[in-house]
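Listing of final.csv; format and content: CSV, C-alpha atoms.
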chain,number,residue,atom,x,y,z
R,1,MET,CA,-139.0,-42.4,65.2
R,2,ASN,CA,-142.4,-40.9,64.8
R,3,PRO,CA,-145.5,-42.9,65.8
R,4,LEU,CA,-146.6,-43.6,62.3
R,5,ASP,CA,-143.3,-45.0,61.3
R,6,PHE,CA,-143.3,-47.1,64.4
R,7,PHE,CA,-146.6,-48.7,63.4
R,8,ARG,CA,-145.4,-49.3,59.9
R,9,GLN,CA,-142.4,-51.0,61.4
R,10,LEU,CA,-144.6,-53.2,63.6
R,11,PHE,CA,-146.6,-54.3,60.6
R,12,GLU,CA,-143.4,-55.2,58.8
R,13,TYR,CA,-142.5,-57.4,61.8
R,14,ASP,CA,-146.0,-58.9,61.8
R,15,TYR,CA,-145.7,-59.8,58.1
R,16,TRP,CA,-142.3,-61.4,58.8
R,17,GLY,CA,-143.6,-63.3,61.8
R,18,ASN,CA,-146.6,-64.6,60.0
R,19,ARG,CA,-144.4,-65.9,57.1
R,20,GLU,CA,-142.0,-67.5,59.6
R,21,ALA,CA,-144.9,-69.2,61.4
R,22,LEU,CA,-146.3,-70.4,58.0
R,23,ALA,CA,-142.9,-71.9,57.1
R,24,SER,CA,-142.8,-73.9,60.3
R,25,VAL,CA,-146.3,-75.2,59.7
R,26,ARG,CA,-145.4,-76.1,56.1
R,27,ALA,CA,-142.3,-78.0,57.3
R,28,LEU,CA,-144.4,-80.4,59.5
R,29,SER,CA,-144.4,-83.9,58.1
R,30,GLY,CA,-147.4,-85.1,60.1
R,31,ALA,CA,-150.7,-83.6,61.2
R,32,ALA,CA,-150.8,-79.9,61.3
R,33,ASP,CA,-154.4,-79.3,62.2
R,34,ARG,CA,-153.9,-77.2,65.4
R,35,PRO,CA,-151.1,-75.0,64.1
R,36,LEU,CA,-153.0,-74.5,60.8
R,37,LYS,CA,-156.2,-73.6,62.7
R,38,LEU,CA,-154.2,-71.0,64.6
R,39,LEU,CA,-152.6,-69.6,61.5
R,40,ASN,CA,-156.1,-69.4,60.0
R,41,HIS,CA,-157.3,-67.4,63.0
R,42,ILE,CA,-154.5,-64.8,62.5
R,43,VAL,CA,-155.6,-64.4,58.9
R,44,GLY,CA,-159.3,-64.3,59.8
R,45,ALA,CA,-158.7,-61.7,62.5
R,46,GLU,CA,-156.5,-59.5,60.3
R,47,ARG,CA,-159.1,-59.6,57.5
R,48,ILE,CA,-161.8,-58.5,59.9
R,49,TRP,CA,-159.8,-55.7,61.3
R,50,LEU,CA,-158.6,-54.5,57.9
R,51,GLY,CA,-162.2,-54.5,56.7
R,52,ARG,CA,-163.2,-52.3,59.6
R,53,PHE,CA,-161.1,-49.6,58.2
R,54,GLU,CA,-162.9,-49.7,54.8
R,55,PRO,CA,-165.5,-47.0,54.2
R,56,SER,CA,-168.3,-49.5,54.3
R,57,GLY,CA,-166.9,-50.9,57.6
R,58,ALA,CA,-167.0,-54.3,55.9
R,59,PRO,CA,-169.4,-56.3,58.1
R,60,GLY,CA,-168.4,-59.5,59.7
R,61,GLY,CA,-165.9,-62.0,58.4
R,62,ASP,CA,-164.9,-65.3,59.8
R,63,PRO,CA,-162.4,-65.1,62.7
R,64,TRP,CA,-161.7,-68.9,62.3
R,65,PRO,CA,-161.7,-69.6,58.5
R,66,ALA,CA,-160.7,-73.0,57.3
R,67,LEU,CA,-158.1,-72.2,54.6
R,68,PRO,CA,-155.8,-74.8,53.2
R,69,LEU,CA,-152.1,-74.1,53.8
R,70,PRO,CA,-151.4,-72.7,50.3
R,71,ASN,CA,-154.3,-70.3,50.7
R,72,CYS,CA,-152.8,-69.1,54.0
R,73,ALA,CA,-149.7,-68.0,52.2
R,74,ALA,CA,-151.7,-66.0,49.6
R,75,ALA,CA,-153.8,-64.5,52.4
R,76,ILE,CA,-150.7,-63.4,54.4
R,77,GLU,CA,-149.4,-61.6,51.2
R,78,GLU,CA,-152.7,-60.0,50.5
R,79,LEU,CA,-153.1,-58.8,54.1
R,80,TYR,CA,-149.6,-57.3,54.1
R,81,LEU,CA,-150.3,-55.3,51.0
R,82,GLY,CA,-153.6,-54.1,52.5
R,83,TRP,CA,-152.0,-53.0,55.7
R,84,ARG,CA,-149.2,-51.2,53.8
R,85,ARG,CA,-151.8,-49.4,51.7
R,86,LEU,CA,-153.8,-48.4,54.7
R,87,LEU,CA,-150.8,-47.2,56.7
R,88,ALA,CA,-149.4,-45.3,53.7
R,89,GLY,CA,-152.5,-43.2,53.7
R,90,PHE,CA,-152.5,-42.4,57.4
R,91,THR,CA,-151.4,-39.2,59.0
R,92,ALA,CA,-150.0,-39.0,62.6
R,93,GLU,CA,-153.3,-37.4,63.6
R,94,ARG,CA,-155.3,-40.5,62.3
R,95,LEU,CA,-153.6,-42.6,65.0
R,96,SER,CA,-155.5,-40.7,67.7
R,97,GLU,CA,-158.9,-40.8,65.9
R,98,ALA,CA,-161.4,-43.3,66.9
R,99,LEU,CA,-162.4,-46.2,64.8
R,100,SER,CA,-166.1,-47.1,65.0
R,101,TYR,CA,-166.9,-50.7,64.4
R,102,ARG,CA,-169.0,-53.7,65.5
R,103,SER,CA,-167.4,-56.7,67.2
R,104,THR,CA,-168.0,-60.1,65.9
R,105,GLN,CA,-170.8,-60.4,68.5
R,106,GLY,CA,-172.4,-57.2,67.1
R,107,ARG,CA,-171.5,-54.8,69.9
R,108,GLU,CA,-170.6,-51.3,68.8
R,109,PHE,CA,-167.2,-49.8,69.9
R,110,LYS,CA,-165.1,-46.7,69.3
R,111,THR,CA,-161.4,-47.3,69.8
R,112,PRO,CA,-158.4,-45.1,69.0
R,113,VAL,CA,-156.7,-46.3,65.8
R,114,ARG,CA,-153.3,-46.7,67.5
R,115,ASP,CA,-154.8,-49.1,70.1
R,116,VAL,CA,-156.5,-51.1,67.3
R,117,LEU,CA,-153.2,-51.4,65.4
R,118,LEU,CA,-151.2,-52.3,68.5
R,119,HIS,CA,-153.9,-54.9,69.5
R,120,LEU,CA,-153.6,-56.5,66.1
R,121,VAL,CA,-149.9,-56.9,66.2
R,122,MET,CA,-150.0,-58.3,69.7
R,123,HIS,CA,-152.9,-60.6,68.9
R,124,SER,CA,-150.9,-62.1,66.0
R,125,ALA,CA,-147.8,-62.5,68.1
R,126,TYR,CA,-149.8,-64.2,70.9
R,127,HIS,CA,-151.2,-66.8,68.4
R,128,ARG,CA,-147.8,-67.2,66.7
R,129,GLY,CA,-146.6,-68.4,70.2
R,130,GLN,CA,-149.4,-70.9,70.2
R,131,ILE,CA,-148.4,-72.0,66.7
R,132,ALA,CA,-144.9,-72.6,67.9
R,133,ALA,CA,-146.1,-74.8,70.8
R,134,ALA,CA,-148.4,-76.7,68.5
R,135,VAL,CA,-145.6,-77.2,65.9
R,136,ARG,CA,-143.3,-78.5,68.7
R,137,GLU,CA,-146.0,-80.9,69.9
R,138,ALA,CA,-146.4,-82.2,66.4
R,139,GLY,CA,-142.7,-83.0,66.3
R,140,GLY,CA,-141.7,-80.0,64.2
R,141,ARG,CA,-139.3,-77.1,64.7
R,142,PRO,CA,-141.1,-73.9,65.7
R,143,ALA,CA,-140.1,-70.6,64.1
R,144,ALA,CA,-138.5,-68.0,66.4
R,145,THR,CA,-140.9,-65.1,65.7
R,146,ASP,CA,-139.9,-62.8,68.6
R,147,TYR,CA,-139.7,-59.1,67.7
R,148,ILE,CA,-136.1,-59.0,68.8
R,149,VAL,CA,-135.2,-61.8,66.3
R,150,TRP,CA,-136.7,-59.7,63.5
R,151,VAL,CA,-134.8,-56.6,64.7
R,152,ARG,CA,-131.5,-58.5,64.7
R,153,GLN,CA,-132.1,-60.0,61.3
R,154,ALA,CA,-133.0,-56.6,59.9
R,155,GLN,CA,-129.9,-55.1,61.4
R,156,ALA,CA,-127.7,-57.9,59.9
R,157,ALA,CA,-129.3,-57.4,56.5
R,158,THR,CA,-128.6,-53.7,56.7
R,159,ALA,CA,-125.0,-54.2,57.7
R,160,GLU,CA,-124.5,-56.7,54.8
R,161,SER,CA,-125.9,-54.3,52.3
R,162,ARG,CA,-123.3,-51.6,53.2
Step by step, read the file and then write its structure as structure tokens.
Amino acid sequence: MNPLDFFRQLFEYDYWGNREALASVRALSGAADRPLKLLNHIVGAERIWLGRFEPSGAPGGDPWPALPLPNCAAAIEELYLGWRRLLAGFTAERLSEALSYRSTQGREFKTPVRDVLLHLVMHSAYHRGQIAAAVREAGGRPAATDYIVWVRQAQAATAESR
């Protein structure tokens, strides 16, 4: 698999994982403040990073927005489409190029695109783990969002379609 296809695959996994985490938060019958806050952070961070790839460099953004649960679902869909569009226009060479951006604290950085993309997927996975713990603490059933779970489900779906 070439590196560009690998990153496209990682973003398919990220989309699936975010939807699974969202479903586990939706299923809570009681308070969902902490898991919702963490889900919002995933959305906020992905919005910021996607904006950094825009020609304008899209300044700022809120890393901790306060979206209600239905808005999180729409944001996850919107972000998925944005990342797909972005990655569809990439070449393998683009992965090695530096992305120039400002952090949320205003510091300037230049980071290879491949490192930014990997960071983003790992950041979301980390916070999905926190969501799972918060869902469990709230009495719910956390989603299994490990990469290998997604791989197995994808393999099973492919086998069924044959």
How many Å lie between CA of Pro35 (chain R) and CA of Phe11 (chain R), rounded to one decimal? 21.5 Å
Identify which of the residues R:Ala23, R:Ala66, R:Leu50, R:Ala154 lies closest to Glu78 (chain R), counting all atoms listed in the file when measuring atom-to-atom distances.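 Of R:Ala23, R:Ala66, R:Leu50, R:Ala154, the one nearest Glu78 (chain R), counting all atoms listed in the file, is R:Leu50.
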Neighbouring residues of Pro63 (chain R) were defined as those with any atom within 12 Å, considering only C-alpha atoms; residues of the same chain fewer than 5 positions away were excluded. Please report them as a list of chain:residue names.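 Result of the neighbour search: R:Lys37, R:Leu38, R:Leu39, R:Asn40, R:His41, R:Ile42, R:Val43, R:Gly44, R:Ala45, R:Glu46, R:Arg47, R:Ile48, R:Trp49, R:Ser103, R:Thr104, R:Gln105.
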Identify which of the residues R:Lys110, R:Gly61, R:Cys72, R:Thr91 lies closest to Asn2 (chain R), counting all atoms listed in the file when measuring atom-to-atom distances. R:Thr91
Find the spatial neighbours of Ala32 (chain R), counting all atoms listed in the file, within a cut-off of 8 Å - ignore same-chain residues fewer than 6 positions away - and output them as a list in words. Val25, Val135 and Ala138 of chain R
Would you work out the distance separating CA of Val151 (chain R) from CA of Ala75 (chain R), expressed in Å to one decimal?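 Rounded to one decimal, the two atoms are 24.0 Å apart.
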